[in-house]
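What follows is a single structure, written as structure tokens, with notes after it.
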Amino acid sequence: MNIKKQFGEGLVTNNPVLVQQIGMCATMAITTTLFNGVGMGLSVLIILTCCNVVVSAIRKIIPGEIRLAIFVVVIAGFVTIVDLLLQAYIPALSSALGVFIPLIVVNCIIIGRAEAFCQKNKVSACFFDGIFQGLGYTCVLILMCVFREFVGSGKFGGGLIDITNGLRFTLDGTGSGIQIFPSEYGAAVMNRPFGGFITLGLLMAVMQYALKKNAKKKALAERAAAEAAADKEEDE
Amino acid sequence: MNGDTKKILRLTFILFVICAITAGILGVVNEVTKDTIYMQKNAKTIAAYSAVLKSDRYDPVEFDSEAFPTIDEVSKADNGSGYVVKTTFPGSQSTITMVVGVDNDLKCTGISIVEHGETSGLGANAASTAEVGVNFRAQFVGQGEDIALSSGGGSIQALTGATQTSTSVTNATATAITVVKSILG
């Protein structure tokens with residue numbers, strides 16, 4: 001396993017949300033402001049990386065029969081730790097994401113990666129897998145937040161960016177965001193879960209299109225190379 | 001002991017160990033974050049409470065809610081300096097919600113009006129941050145259970161044009177002190 005390949009897989013070719021299509025529930029529910037998206041993405045990234053490392057480290061001592069129970073205990077442990085830390089130090093994020101932080105316990109991304117990847121791979125590979133899959137998840141959340149916030153209320157960076165006293169970043173969710181066009185012209189439907197479905201659908205379509213096109217190009221290039229090689233043989 | 005029992009015992013043991021380790025770690029994290037989370041959750045209440053009686057933490061205490069229907073909550077200051085009483089009572093226009101600090105000698109340590117609907121410029125002065133409001137509320141500090149308006153034999157000067165609001169606030173403070181007395185009693 002090389003890191004570069006894992007990076008590409010996490011962000012694009014095996015993106016957890018757009019390609020593996022796991023962990024989509026929270027994706028649609030919380031992507032209303034950039035603050036939520038970044039916060040949720042980073043929370044999942046941290047939990048996923050920790051769980052991957054621990055699951056990988058104990059993979060040889062856990063019996064196959066009870067592996068799922070053990071995964072759930074490990075995941076629940078880390079989720080609770082992150083939940084407590086958020087409540088203590090970033091209460092605005094904790095109240096904005098609400099039940100979706102505890103619900104990371106049942107987020108398929110984490111148990112999915114534990115089952116599909118960490119059981120069979122070394123700790124270092126699992127560490128990078130956690131980071132890259134987490135980044136892939138965060139990127140999708142950010143894309144969805146930016147799109148939904150812009151179309152829904154004409155804003156960019158709600159909660160995270162504050163421009164009332166010059167441009168600055170806020171970590172307590174109080175930033176008003178940059179108003180690009182008046183919010184009354186926004187399509188309010190985008191702020192609803194329904195808008196989340198549409199956005200996710202569009203993103204997936206774009207992703208599949210790009211992946212298919214890429215695969216076709218690769219196939220064409222391979223065929224051209226094969227033909228060229230065949231021509232060369234004939235010439236000789 | 002046959003093979004199956006042995007296997008089940010082994011699985012149970014492994015699962016138990018992992019659960020125990022997880023629980024231990026969670027215990028530590030909980031211990032570390034407990035106080036901060038408490039402060040965050042009660043930041044607003046604490047801000048209002050500490051304006052009348054300084055403490056880092058306030059723990060609600062039991063009181064006779066039938067005898068004192070206007071009292072919402074009585075909390076004991078964690079540092080032992082006294083009690084904070086939250087009370088909602090009728091003013092001249094609508095209800096007033098007020099926080100009263102009472103020390104262990106049953107003297108008022110200050111009042112803070114959290115919510116009200118009094119007439120702007122008259123009764124609303126009781127809650128105002130302007131000099132008139134600050135001076136009005138400052139009179140309550142150090143008053144005991146016998147607190148009364150100057151017209152009723154006490155030393156509280158009523159707000160101009162807001163006798164009713166002044167009376168309600170004064171009486172509510174007296175009630176707050178009485179409820180603390182009943183708890184200490």
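Following the order of the structure tokens, first chain is A, next is B, and so on, with residues numbered from 1 inside each chain and ligands from 1 in the order they appear.
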
- request: Excluding Val105 of chain A and any residue of its chain fewer than 6 positions from it, enumerate the residues within 8 Å of it, using only C-alpha atoms, and give them as a list of chain:residue names.
  value: A:Val72, A:Ile75, A:Ala76, A:Val79

Restricting it to N, CA and C atoms, dump the selection as a PDB file, in the first residue's frame.
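Output file again25.pdb follows:
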```
ATOM      1  N   VAL A  72     -17.446  -1.934  17.765  1.00  0.00           N
ATOM      2  CA  VAL A  72     -18.453  -0.985  18.252  1.00  0.00           C
ATOM      3  C   VAL A  72     -18.009  -0.369  19.575  1.00  0.00           C
ATOM      4  N   ILE A  75     -15.208   2.167  18.763  1.00  0.00           N
ATOM      5  CA  ILE A  75     -15.764   3.351  18.108  1.00  0.00           C
ATOM      6  C   ILE A  75     -16.560   4.188  19.108  1.00  0.00           C
ATOM      7  N   ALA A  76     -17.426   3.510  19.876  1.00  0.00           N
ATOM      8  CA  ALA A  76     -18.244   4.242  20.845  1.00  0.00           C
ATOM      9  C   ALA A  76     -17.362   4.980  21.837  1.00  0.00           C
ATOM     10  N   VAL A  79     -15.947   8.074  20.060  1.00  0.00           N
ATOM     11  CA  VAL A  79     -17.002   9.053  19.799  1.00  0.00           C
ATOM     12  C   VAL A  79     -17.364   9.782  21.086  1.00  0.00           C
TER      13      VAL A  79
END
```

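Residues in contact with Pro90 of chain B at 10 Å, where only C-alpha atoms are counted and same-chain residues fewer than 6 positions away are skipped, are listed as Thr70, Ile96, Thr97, His116, Gly117, Gln164, Thr165, Ser168, Val169 and Ala172 of chain B.
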
Who sits within 8 Å of segment 18-22 of chain B, only C-alpha atoms, same chain under 3 positions skipped, as a VMD selection string: (chain A and resid 70 73 to 74 77) or (chain B and resid 14 to 15 25 to 26)

Please produce an output containing C-alpha atoms for each residue in the selection, written as a JSON list (two decimals), in the first residue's frame.
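Result went into part.json, see below:
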```json
[["chain", "number", "residue", "atom", "x", "y", "z"],
["A", 70, "ILE", "CA", -15.24, -5.01, 19.79],
["A", 73, "VAL", "CA", -16.94, -0.67, 21.74],
["A", 74, "VAL", "CA", -13.78, 0.99, 20.36],
["A", 77, "GLY", "CA", -15.32, 4.99, 23.14],
["B", 14, "ILE", "CA", -11.49, -10.64, 25.82],
["B", 15, "LEU", "CA", -14.63, -8.57, 25.32],
["B", 25, "ILE", "CA", -10.41, 5.81, 29.54],
["B", 26, "LEU", "CA", -13.90, 7.32, 29.33]]
```

- request: Give the alpha helix (DSSP H) residues of segment 54-134 of chain A, as DSSP finds them on the backbone, and put them as a PyMOL selection string.
  value: chain A and resi 54-57+67-89+91-97+108-113+123-134

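When only C-alpha atoms are used to measure the gap to Phe140 of chain B, the shortest distance among B:Cys108, B:Leu9, B:Ile113, B:Leu159 belongs to B:Cys108.
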
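What separates atom CA of Asn125 of chain B from atom CA of Val99 of chain B is a distance of 16.3 Å.
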
task: Using only C-alpha atoms, select each residue of chain A with any atom at most 8 Å away from an atom of chain B, and give the selection as a PyMOL selection string.
output: chain A and resi 62-63+66+69-70+73-74+77+80-81+84-85+87-89+91

- request: Give the strand (DSSP E or B) residues of segment 5-185 of chain B, as assigned by DSSP on the backbone, as a ChimeraX atom specification.
  value: /B:58-61,71-77,82-90,95-103,108-115,149,156

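The interatomic distance for the pair atom CA of Gly185 of chain B and atom CA of Val85 of chain B works out to 16.1 Å.
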
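The two atoms in question, atom CA of Lys120 of chain A and atom CA of Thr5 of chain B, are spaced 28.4 Å apart.
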
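You can rank B:Glu118, B:Asp78, B:Asp4, B:Asp105 by their closest distance to Ser50 of chain B using only C-alpha atoms, and at the top of that list sits B:Asp78.
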